[in-house]
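File shown here: data-v4.txt, holding compact mmCIF, C-alpha atoms.
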# COMPACT_ATOMS: atom_id res chain seq x y z
CA MET A 17 -39.58 -40.47 32.51
CA LYS A 18 -37.49 -41.27 35.56
CA LEU A 19 -35.99 -38.46 37.61
CA LEU A 20 -32.53 -39.99 38.02
CA THR A 21 -30.74 -42.86 36.32
CA PHE A 22 -27.92 -44.63 38.14
CA ALA A 23 -25.45 -46.62 36.07
CA ILE A 24 -23.46 -49.26 37.94
CA PRO A 25 -20.56 -50.61 35.87
CA CYS A 26 -19.80 -54.14 37.09
CA TYR A 27 -16.91 -56.41 36.28
CA ASN A 28 -16.54 -59.47 38.51
CA SER A 29 -18.30 -57.52 41.25
CA GLU A 30 -20.14 -60.35 43.03
CA ASN A 31 -18.51 -59.61 46.38
CA TYR A 32 -19.69 -56.03 46.75
CA MET A 33 -22.27 -55.02 44.12
CA GLU A 34 -25.27 -55.93 46.28
CA LYS A 35 -24.32 -53.34 48.92
CA CYS A 36 -24.14 -50.74 46.16
CA ILE A 37 -27.50 -51.70 44.62
CA GLU A 38 -29.26 -51.92 47.99
CA SER A 39 -28.12 -48.39 48.87
CA ILE A 40 -29.78 -47.01 45.70
CA LEU A 41 -33.04 -48.98 45.75
CA PRO A 42 -34.71 -46.71 48.39
CA GLY A 43 -35.11 -44.11 45.61
CA GLY A 44 -38.07 -46.16 44.46
CA GLU A 45 -39.93 -45.29 41.28
CA ASP A 46 -38.15 -41.94 40.94
CA VAL A 47 -34.99 -43.75 39.93
CA GLU A 48 -33.73 -46.17 37.33
CA ILE A 49 -30.81 -48.47 38.11
CA ILE A 50 -28.91 -49.78 35.11
CA ILE A 51 -26.53 -52.58 36.10
CA VAL A 52 -24.00 -52.99 33.30
CA ASP A 53 -22.41 -56.43 33.44
CA ASP A 54 -19.20 -55.79 31.53
CA GLY A 55 -18.28 -59.33 30.51
CA SER A 56 -17.93 -60.68 34.05
CA HIS A 57 -16.81 -64.26 34.72
CA ASP A 58 -18.24 -64.62 38.23
CA ARG A 59 -21.83 -64.35 39.53
CA THR A 60 -22.23 -60.68 38.57
CA ALA A 61 -24.64 -61.44 35.69
CA GLU A 62 -26.74 -63.72 37.90
CA ILE A 63 -27.01 -61.09 40.64
CA ALA A 64 -27.89 -58.36 38.13
CA ASP A 65 -30.65 -60.50 36.60
CA ARG A 66 -32.04 -61.34 40.03
CA TYR A 67 -32.43 -57.67 40.93
CA ALA A 68 -33.95 -56.89 37.53
CA ALA A 69 -36.52 -59.66 38.03
CA GLN A 70 -37.28 -58.56 41.60
CA TYR A 71 -37.58 -54.83 40.78
CA PRO A 72 -38.65 -54.76 37.10
CA SER A 73 -39.81 -51.13 37.16
CA ILE A 74 -36.58 -49.90 38.74
CA VAL A 75 -33.67 -52.15 37.78
CA ARG A 76 -32.40 -53.07 34.33
CA ALA A 77 -29.58 -55.53 33.69
CA ILE A 78 -27.53 -55.08 30.54
CA HIS A 79 -24.91 -57.65 29.59
CA GLN A 80 -22.12 -56.81 27.18
CA PRO A 81 -18.69 -58.11 26.15
CA ASN A 82 -15.91 -56.67 28.26
CA GLY A 83 -15.17 -53.11 27.19
CA GLY A 84 -13.90 -51.58 30.42
CA HIS A 85 -15.32 -48.95 32.74
CA GLY A 86 -15.69 -46.31 30.02
CA GLU A 87 -17.68 -48.55 27.71
CA ALA A 88 -19.95 -49.53 30.62
CA VAL A 89 -20.61 -45.82 31.33
CA ASN A 90 -21.29 -45.26 27.60
CA THR A 91 -23.87 -48.06 27.74
CA GLY A 92 -25.49 -46.47 30.78
CA ILE A 93 -25.78 -43.07 29.07
CA ALA A 94 -27.15 -44.60 25.85
CA ASN A 95 -29.86 -46.51 27.71
CA ALA A 96 -30.76 -44.00 30.43
CA SER A 97 -34.35 -42.78 30.64
CA GLY A 98 -33.81 -40.45 33.61
CA LEU A 99 -33.65 -36.67 33.36
CA TYR A 100 -30.40 -36.84 35.33
CA PHE A 101 -27.56 -39.34 35.32
CA LYS A 102 -25.20 -40.63 38.00
CA VAL A 103 -22.43 -43.24 37.90
CA VAL A 104 -21.83 -45.30 41.04
CA ASP A 105 -18.99 -47.81 40.96
CA SER A 106 -19.95 -51.28 42.12
CA ASP A 107 -17.70 -51.22 45.19
CA ASP A 108 -19.06 -47.86 46.38
CA TRP A 109 -22.43 -46.86 47.80
CA VAL A 110 -24.56 -43.82 48.65
CA ASP A 111 -25.60 -42.40 52.03
CA ALA A 112 -29.31 -42.87 52.73
CA GLU A 113 -30.02 -39.49 54.35
CA ALA A 114 -28.13 -37.46 51.76
CA TYR A 115 -29.74 -39.51 48.98
CA GLY A 116 -33.22 -38.56 50.14
CA LYS A 117 -32.30 -34.87 50.23
CA ILE A 118 -30.83 -34.98 46.72
CA LEU A 119 -33.88 -36.67 45.22
CA SER A 120 -36.15 -34.17 46.94
CA LYS A 121 -34.13 -31.24 45.61
CA LEU A 122 -34.01 -32.58 42.05
CA ARG A 123 -37.77 -33.15 42.15
CA GLU A 124 -38.35 -29.62 43.43
CA LEU A 125 -36.12 -28.06 40.76
CA VAL A 126 -37.83 -29.96 37.95
CA GLN A 127 -41.33 -29.13 39.23
CA ASN A 128 -40.41 -25.44 39.41
CA ASP A 129 -38.97 -25.46 35.86
CA ALA A 130 -35.57 -24.67 37.35
CA GLY A 131 -33.83 -27.66 35.81
CA ILE A 132 -30.07 -27.51 36.22
CA ASP A 133 -27.22 -28.96 34.17
CA MET A 134 -25.16 -30.27 37.07
CA LEU A 135 -25.73 -31.07 40.73
CA LEU A 136 -22.73 -31.38 43.04
CA ALA A 137 -22.47 -33.05 46.43
CA ASN A 138 -19.70 -34.24 48.73
CA TYR A 139 -18.01 -37.59 48.63
CA VAL A 140 -16.38 -39.41 51.52
CA TYR A 141 -13.20 -41.48 51.41
CA GLU A 142 -14.17 -44.78 53.01
CA LYS A 143 -10.49 -45.63 53.31
CA GLU A 144 -9.79 -49.05 54.73
CA GLY A 145 -8.09 -48.81 58.10
CA ALA A 146 -8.55 -45.03 58.44
CA LYS A 147 -9.97 -43.88 61.79
CA HIS A 148 -11.36 -40.65 60.37
CA LYS A 149 -13.29 -40.43 57.11
CA LYS A 150 -12.11 -37.60 54.85
CA VAL A 151 -15.01 -35.57 53.44
CA MET A 152 -14.31 -33.87 50.11
CA ARG A 153 -16.41 -30.71 49.70
CA GLN A 154 -16.82 -28.53 46.62
CA THR A 155 -14.93 -25.53 47.97
CA GLY A 156 -15.67 -22.20 46.31
CA PHE A 157 -19.14 -23.02 45.01
CA PRO A 158 -22.29 -21.35 46.39
CA THR A 159 -24.38 -23.66 48.54
CA ASP A 160 -28.09 -24.52 48.37
CA CYS A 161 -28.99 -22.30 45.43
CA VAL A 162 -29.02 -22.40 41.65
CA PHE A 163 -25.89 -20.66 40.37
CA THR A 164 -23.79 -20.15 37.25
CA TRP A 165 -20.03 -19.95 36.64
CA LYS A 166 -20.03 -16.20 37.32
CA ASP A 167 -21.22 -16.90 40.88
CA VAL A 168 -18.27 -19.17 41.70
CA ARG A 169 -16.09 -17.33 44.20
CA HIS A 170 -12.66 -18.88 43.87
CA PHE A 171 -10.77 -22.00 42.87
CA PHE A 172 -8.15 -23.81 44.90
CA LYS A 173 -5.16 -25.41 43.23
CA GLY A 174 -5.44 -29.16 43.24
CA HIS A 175 -9.22 -29.17 43.75
CA TYR A 176 -11.24 -30.65 40.96
CA ILE A 177 -14.63 -32.29 40.57
CA LEU A 178 -14.58 -36.09 40.58
CA MET A 179 -17.16 -38.38 39.05
CA HIS A 180 -18.19 -39.21 42.63
CA SER A 181 -19.30 -35.60 43.17
CA VAL A 182 -21.37 -34.99 40.09
CA ILE A 183 -24.86 -35.63 38.75
CA TYR A 184 -25.26 -34.44 35.15
CA ARG A 185 -28.36 -33.73 33.10
CA THR A 186 -28.59 -36.75 30.79
CA LYS A 187 -29.33 -34.71 27.67
CA LEU A 188 -26.23 -32.60 28.27
CA LEU A 189 -24.03 -35.70 28.31
CA ARG A 190 -25.48 -36.72 24.96
CA ASP A 191 -25.42 -33.24 23.44
CA CYS A 192 -21.73 -32.70 24.23
CA GLY A 193 -20.82 -35.87 22.35
CA LEU A 194 -19.30 -37.61 25.34
CA LYS A 195 -17.95 -41.04 24.46
CA LEU A 196 -15.39 -42.63 26.74
CA PRO A 197 -12.63 -44.87 25.33
CA ASP A 198 -12.96 -48.59 25.90
CA HIS A 199 -10.48 -50.75 27.79
CA THR A 200 -9.03 -47.69 29.52
CA PHE A 201 -8.74 -46.83 33.19
CA TYR A 202 -9.05 -43.29 34.62
CA VAL A 203 -11.77 -42.24 32.15
CA ASP A 204 -13.66 -40.68 35.08
CA ASN A 205 -11.66 -37.54 34.41
CA ILE A 206 -12.86 -37.29 30.80
CA TYR A 207 -16.42 -37.90 32.00
CA VAL A 208 -16.33 -34.85 34.27
CA TYR A 209 -14.11 -32.63 32.14
CA LYS A 210 -15.54 -32.74 28.61
CA PRO A 211 -19.13 -31.66 29.48
CA LEU A 212 -18.06 -28.66 31.61
CA PRO A 213 -18.21 -26.01 28.80
CA TYR A 214 -21.85 -27.02 28.23
CA VAL A 215 -22.81 -26.49 31.88
CA ARG A 216 -24.75 -23.28 32.46
CA SER A 217 -26.65 -23.79 35.73
CA MET A 218 -25.51 -25.70 38.80
CA TYR A 219 -26.58 -26.57 42.32
CA TYR A 220 -24.30 -27.62 45.19
CA MET A 221 -25.66 -29.49 48.20
CA ASP A 222 -23.28 -29.74 51.14
CA VAL A 223 -24.28 -33.32 51.97
CA ASP A 224 -22.03 -36.39 52.22
CA PHE A 225 -23.69 -38.39 49.46
CA TYR A 226 -21.17 -40.68 47.77
CA ARG A 227 -19.17 -43.17 49.79
CA TYR A 228 -15.96 -43.92 47.93
CA PHE A 229 -14.33 -47.13 49.11
CA ILE A 230 -10.56 -47.05 48.82
CA GLY A 231 -8.10 -49.68 49.91
CA ARG A 232 -8.37 -52.77 47.71
CA ASP A 233 -4.96 -53.99 46.53
CA ASP A 234 -6.14 -54.15 42.91
CA GLN A 235 -7.87 -50.76 42.97
CA SER A 236 -7.07 -48.52 40.02
CA VAL A 237 -6.01 -45.62 42.28
CA ASN A 238 -3.53 -47.72 44.21
CA GLU A 239 -0.15 -46.10 43.51
CA LYS A 240 1.61 -49.28 42.37
CA VAL A 241 -1.33 -50.12 40.12
CA MET A 242 -1.32 -46.60 38.67
CA ILE A 243 2.36 -46.88 37.81
CA SER A 244 1.78 -50.23 36.14
CA ARG A 245 -1.04 -48.64 34.09
CA ILE A 246 0.73 -45.37 33.41
CA ASP A 247 0.20 -45.64 29.64
CA GLN A 248 -3.56 -45.47 30.24
CA GLN A 249 -3.21 -42.43 32.50
CA ILE A 250 -1.18 -40.74 29.76
CA LYS A 251 -3.81 -41.72 27.18
CA VAL A 252 -6.55 -40.06 29.24
CA ASN A 253 -4.35 -37.01 29.78
CA LYS A 254 -3.86 -36.63 26.02
CA ILE A 255 -7.56 -37.12 25.27
CA MET A 256 -8.37 -34.29 27.69
CA ILE A 257 -5.87 -32.08 25.86
CA ASP A 258 -7.25 -33.05 22.44
CA ASP A 259 -11.00 -33.03 23.19
CA VAL A 260 -11.37 -29.45 24.42
CA ASP A 261 -9.67 -26.33 23.09
CA LEU A 262 -9.58 -24.45 26.37
CA TRP A 263 -8.85 -21.12 24.70
CA LYS A 264 -12.26 -21.36 22.99
CA VAL A 265 -14.25 -22.03 26.17
CA PRO A 266 -16.33 -18.82 26.27
CA ASN A 267 -16.90 -18.55 30.01
CA ILE A 268 -13.73 -17.26 31.67
CA LYS A 269 -14.36 -18.91 35.04
CA CYS A 270 -15.24 -22.23 33.46
CA ARG A 271 -12.07 -21.99 31.39
CA LYS A 272 -9.98 -21.25 34.50
CA TYR A 273 -11.50 -24.21 36.33
CA MET A 274 -10.72 -26.47 33.38
CA PHE A 275 -7.13 -25.24 33.21
CA ASN A 276 -6.75 -26.14 36.89
CA TYR A 277 -8.32 -29.55 36.24
CA LEU A 278 -6.00 -30.31 33.33
CA GLU A 279 -3.01 -29.18 35.38
CA ILE A 280 -3.69 -31.58 38.25
CA ILE A 281 -4.26 -34.50 35.85
CA THR A 282 -0.99 -33.69 34.10
CA VAL A 283 0.74 -33.50 37.48
CA ILE A 284 -0.60 -36.95 38.39
CA SER A 285 0.72 -38.36 35.12
CA THR A 286 4.08 -36.68 35.68
CA VAL A 287 4.58 -37.68 39.30
CA MET A 288 3.64 -41.31 38.61
CA LEU A 289 6.27 -41.40 35.89
CA LEU A 290 8.75 -39.87 38.32
CA ARG A 291 7.77 -42.27 41.12
CA SER A 292 8.49 -45.29 38.94
CA GLY A 293 12.12 -44.21 38.69
CA THR A 294 12.76 -46.06 35.42
CA GLU A 295 14.55 -44.45 32.51
CA GLU A 296 11.74 -45.62 30.23
CA ASN A 297 9.16 -43.69 32.23
CA LEU A 298 11.34 -40.62 32.55
CA GLU A 299 11.43 -40.62 28.76
CA LYS A 300 7.61 -40.92 28.73
CA LYS A 301 7.47 -37.86 30.98
CA ARG A 302 9.55 -35.90 28.49
CA GLU A 303 7.41 -37.20 25.65
CA LEU A 304 4.18 -36.11 27.38
CA TRP A 305 5.39 -32.55 27.87
CA THR A 306 6.72 -32.47 24.29
CA TYR A 307 3.29 -33.61 23.12
CA ILE A 308 1.64 -30.72 24.97
CA LYS A 309 4.19 -28.26 23.61
CA GLU A 310 3.71 -29.35 20.01
CA LYS A 311 -0.06 -29.50 20.38
CA ASP A 312 -0.52 -26.07 21.99
CA ILE A 313 2.48 -23.94 22.94
CA ARG A 314 0.31 -21.54 24.96
CA LEU A 315 -1.15 -24.42 26.94
CA PHE A 316 2.35 -25.79 27.53
CA HIS A 317 3.53 -22.53 29.04
CA ARG A 318 0.32 -22.14 31.05
CA LEU A 319 0.78 -25.58 32.62
CA ARG A 320 4.49 -25.05 33.24
CA ARG A 321 3.80 -21.71 34.91
CA GLY A 322 1.32 -23.26 37.30
CA ILE A 323 2.42 -23.94 40.87
CA LEU A 324 1.89 -27.66 40.52
CA GLY A 325 3.14 -27.93 36.95
CA GLY A 326 6.30 -26.00 37.80
CA THR A 327 7.01 -28.18 40.80
CA MET A 328 6.72 -31.32 38.70
CA ASN A 329 9.32 -30.15 36.18
CA LEU A 330 12.24 -29.12 38.37
CA PRO A 331 15.44 -30.44 36.80
CA GLY A 332 17.68 -33.28 37.99
CA LYS A 333 17.41 -35.77 40.86
CA GLY A 334 16.92 -32.97 43.39
CA GLY A 335 13.96 -31.67 41.42
CA ARG A 336 12.46 -35.14 41.29
CA LYS A 337 12.76 -35.46 45.07
CA ILE A 338 10.96 -32.14 45.58
CA SER A 339 8.26 -33.24 43.13
CA VAL A 340 7.68 -36.49 45.00
CA ALA A 341 7.66 -34.65 48.37
CA ALA A 342 4.94 -32.34 47.03
CA TYR A 343 3.00 -35.38 45.91
CA ARG A 344 3.32 -37.00 49.34
CA LEU A 345 1.89 -33.86 50.92
CA SER A 346 -1.07 -33.95 48.54
CA GLN A 347 -1.67 -37.58 49.49
CA LYS A 348 -2.11 -36.56 53.14
CA VAL A 349 -4.36 -33.63 52.24
CA VAL A 350 -6.84 -35.57 50.08
CA GLY A 351 -6.53 -39.06 51.56
CA PHE A 352 -5.29 -40.49 48.27
CA ASN A 353 -4.14 -44.10 48.46
Turn this file's structure into structure tokens for me.
Amino acid sequence: MKLLTFAIPCYNSENYMEKCIESILPGGEDVEIIIVDDGSHDRTAEIADRYAAQYPSIVRAIHQPNGGHGEAVNTGIANASGLYFKVVDSDDWVDAEAYGKILSKLRELVQNDAGIDMLLANYVYEKEGAKHKKVMRQTGFPTDCVFTWKDVRHFFKGHYILMHSVIYRTKLLRDCGLKLPDHTFYVDNIYVYKPLPYVRSMYYMDVDFYRYFIGRDDQSVNEKVMISRIDQQIKVNKIMIDDVDLWKVPNIKCRKYMFNYLEIITVISTVMLLRSGTEENLEKKRELWTYIKEKDIRLFHRLRRGILGGTMNLPGKGGRKISVAAYRLSQKVVGFN
């Protein structure tokens, strides 16, 4: 069995996937790289097959009809043979030094029968044109030790784990019934969120592992693109509400973290609807909050009471301006595009 499986979802990725693959190959026989060609029309399939032929004991190429990022991740989980599982998008890459440290630590933990459910590391915004690279750390978590939710010191509003930060135990992803929707953007949030109640033991390494490229005009986190795909953001938001009954999450700190996570995702949905400025999207904003209210009145009030949730629901044009100003501030803090 491999120590760590990497899944690389690829759709028309010929221009950048090789950099991603090459950054992971130094893991050698400890790792498995599953390149999922998600119905590409360029040379992605050819490149994937070349690597699979060149590194048959490390790289696998899987070709499937286009199903979107979520379906490609589902394929990776279904076919993974590694004890642990990591998604790396085809336009991103990993840092060599941090990579070596993470593999060494995972190997040590497994050999000492101290297997963990989730390993966290930092990610770095490789933002095009930015002079300084923003490092996103997992604030509040103990460092360089195995810990549980009770050991987490504090949570900061607006901080939440991204797919870039996390390595999950493969069996946990399967046991929690994770299945991402096809043809949907922003499913990364479901990927991180749904397994959290199943996580018992964790390890955080303060190393800058994942290099998250941001700046392509067609990138899904580009603001204009997000507004154009707002229905998919809302879909993900609703799935997160439907998939986990937060009041039944037994661990109080885990539950609190998940409330914070759901709040920031709901804020993103809300502010994108506000930013669009159209009457149609303002109606979608009202519909989203009505959906939450009818689904779970306690959750509705919890989200509205939150600092971020309250800011996003101030009435009138003045309220909308304050909401957008708060969003602009968050952009500067996290380096969001």
Who sits within 9 Å of Tyr27 of chain A, all atoms listed in the file, same chain under 2 positions skipped, as a ChimeraX atom specification: /A:25,29-30,52-58,60,82,84-85,106
Interatomic distance between atom CA of Arg153 of chain A and atom CA of Ala114 of chain A?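 Distance reported for this atom pair: 13.7 Å.
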Between atom CA of Lys102 of chain A and atom CA of Ile37 of chain A, what is the distance, to one decimal in Å?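 Spanning atom CA of Lys102 of chain A to atom CA of Ile37 of chain A is a straight-line distance of 13.1 Å.
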Near-Asp133 of chain A list (10 Å; only C-alpha atoms; drop same-chain fewer than 4 positions) as a PDB file with C-alpha atoms, keeping the file's coordinate frame:
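Done, and the output landed in part_36.pdb:
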ATOM      1  CA  TYR A 100     -30.400 -36.840  35.330  1.00  0.00           C
ATOM      2  CA  THR A 164     -23.790 -20.150  37.250  1.00  0.00           C
ATOM      3  CA  ILE A 183     -24.860 -35.630  38.750  1.00  0.00           C
ATOM      4  CA  TYR A 184     -25.260 -34.440  35.150  1.00  0.00           C
ATOM      5  CA  ARG A 185     -28.360 -33.730  33.100  1.00  0.00           C
ATOM      6  CA  THR A 186     -28.590 -36.750  30.790  1.00  0.00           C
ATOM      7  CA  LYS A 187     -29.330 -34.710  27.670  1.00  0.00           C
ATOM      8  CA  LEU A 188     -26.230 -32.600  28.270  1.00  0.00           C
ATOM      9  CA  LEU A 189     -24.030 -35.700  28.310  1.00  0.00           C
ATOM     10  CA  PRO A 211     -19.130 -31.660  29.480  1.00  0.00           C
ATOM     11  CA  LEU A 212     -18.060 -28.660  31.610  1.00  0.00           C
ATOM     12  CA  TYR A 214     -21.850 -27.020  28.230  1.00  0.00           C
ATOM     13  CA  VAL A 215     -22.810 -26.490  31.880  1.00  0.00           C
ATOM     14  CA  ARG A 216     -24.750 -23.280  32.460  1.00  0.00           C
ATOM     15  CA  SER A 217     -26.650 -23.790  35.730  1.00  0.00           C
ATOM     16  CA  MET A 218     -25.510 -25.700  38.800  1.00  0.00           C
ATOM     17  CA  TYR A 219     -26.580 -26.570  42.320  1.00  0.00           C
TER      18      TYR A 219
END
Which one of A:Leu119, A:Ala88, A:Met221, A:Met179 sits closest to Thr159 of chain A if you count all atoms listed in the file? A:Met221
Any idea what the distance is between atom CA of Glu38 of chain A and atom CA of Asn95 of chain A? 21.0 Å
Long-range neighbours of segment 268-274 of chain A as a list in words, 8 Å cut-off, only C-alpha atoms, 2 positions minimum in chain: Trp165, Lys166, Val168, Phe171, Tyr176, Tyr209, Leu212, Pro213, Leu262, Trp263, Val265, Pro266, Asn276, Tyr277 and Leu278 of chain A
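Take the candidates A:Tyr202, A:Trp109, A:Tyr67, A:Tyr139 and check each one against Ser285 of chain A using all atoms listed in the file; the shortest distance goes to A:Tyr202.
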Residues near Met256 of chain A, cut-off 12 Å, all atoms listed in the file, skip fewer than 5 positions along chain, as a tab-separated table (two decimals) with C-alpha atoms, in the frame of the given file:
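Below is the file around-v3.tsv, written as the result:
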chain	number	residue	atom	x	y	z
A	194	LEU	CA	-19.30	-37.61	25.34
A	196	LEU	CA	-15.39	-42.63	26.74
A	197	PRO	CA	-12.63	-44.87	25.33
A	202	TYR	CA	-9.05	-43.29	34.62
A	203	VAL	CA	-11.77	-42.24	32.15
A	204	ASP	CA	-13.66	-40.68	35.08
A	205	ASN	CA	-11.66	-37.54	34.41
A	206	ILE	CA	-12.86	-37.29	30.80
A	207	TYR	CA	-16.42	-37.90	32.00
A	208	VAL	CA	-16.33	-34.85	34.27
A	209	TYR	CA	-14.11	-32.63	32.14
A	210	LYS	CA	-15.54	-32.74	28.61
A	211	PRO	CA	-19.13	-31.66	29.48
A	212	LEU	CA	-18.06	-28.66	31.61
A	249	GLN	CA	-3.21	-42.43	32.50
A	250	ILE	CA	-1.18	-40.74	29.76
A	251	LYS	CA	-3.81	-41.72	27.18
A	261	ASP	CA	-9.67	-26.33	23.09
A	262	LEU	CA	-9.58	-24.45	26.37
A	274	MET	CA	-10.72	-26.47	33.38
A	275	PHE	CA	-7.13	-25.24	33.21
A	277	TYR	CA	-8.32	-29.55	36.24
A	278	LEU	CA	-6.00	-30.31	33.33
A	279	GLU	CA	-3.01	-29.18	35.38
A	280	ILE	CA	-3.69	-31.58	38.25
A	281	ILE	CA	-4.26	-34.50	35.85
A	282	THR	CA	-0.99	-33.69	34.10
A	308	ILE	CA	1.64	-30.72	24.97
Considering only C-alpha atoms, state which residue in the set A:Val47, A:Ala69, A:Val260, A:Ile40 is at the smallest distance from Met17 of chain A. A:Val47
Nearest residue to Ser120 of chain A from the set A:Ile51, A:Leu298, A:Leu20, A:Val283 (distances using all atoms listed in the file):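 Answer, going by the shortest atom-to-atom distance: A:Leu20.
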So that I can see what lies close to Lys301 of chain A, please list as an NGL selection string the residues with an atom at most 9 Å from it, counting all atoms listed in the file and leaving out residues fewer than 4 positions away in the same chain. :A and (285-287 or 289-290 or 296-297 or 305-306)
Let me see the file: selected residues, C-alpha atoms, as an mmCIF file, in the frame of the given file.
data_model
loop_
_atom_site.group_PDB
_atom_site.id
_atom_site.type_symbol
_atom_site.label_atom_id
_atom_site.label_comp_id
_atom_site.auth_asym_id
_atom_site.auth_seq_id
_atom_site.Cartn_x
_atom_site.Cartn_y
_atom_site.Cartn_z
ATOM 1 C CA SER A 285 0.720 -38.360 35.120
ATOM 2 C CA THR A 286 4.080 -36.680 35.680
ATOM 3 C CA VAL A 287 4.580 -37.680 39.300
ATOM 4 C CA LEU A 289 6.270 -41.400 35.890
ATOM 5 C CA LEU A 290 8.750 -39.870 38.320
ATOM 6 C CA GLU A 296 11.740 -45.620 30.230
ATOM 7 C CA ASN A 297 9.160 -43.690 32.230
ATOM 8 C CA TRP A 305 5.390 -32.550 27.870
ATOM 9 C CA THR A 306 6.720 -32.470 24.290
#
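The nearest approach to Ile63 of chain A among the residues A:Glu48, A:Glu87, A:Glu239, A:Glu34, with only C-alpha atoms taken into account, belongs to A:Glu34.
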As AutoDock Vina command-line options, please report the centre and edge lengths, rounded to one decimal in Å, of the axis-aligned box that holds all listed atoms of segment 198-214 of chain A with 3 Å of padding on each of the six sides.
--center_x -15.3 --center_y -38.4 --center_z 30.5 --size_x 19.1 --size_y 30.7 --size_z 15.2
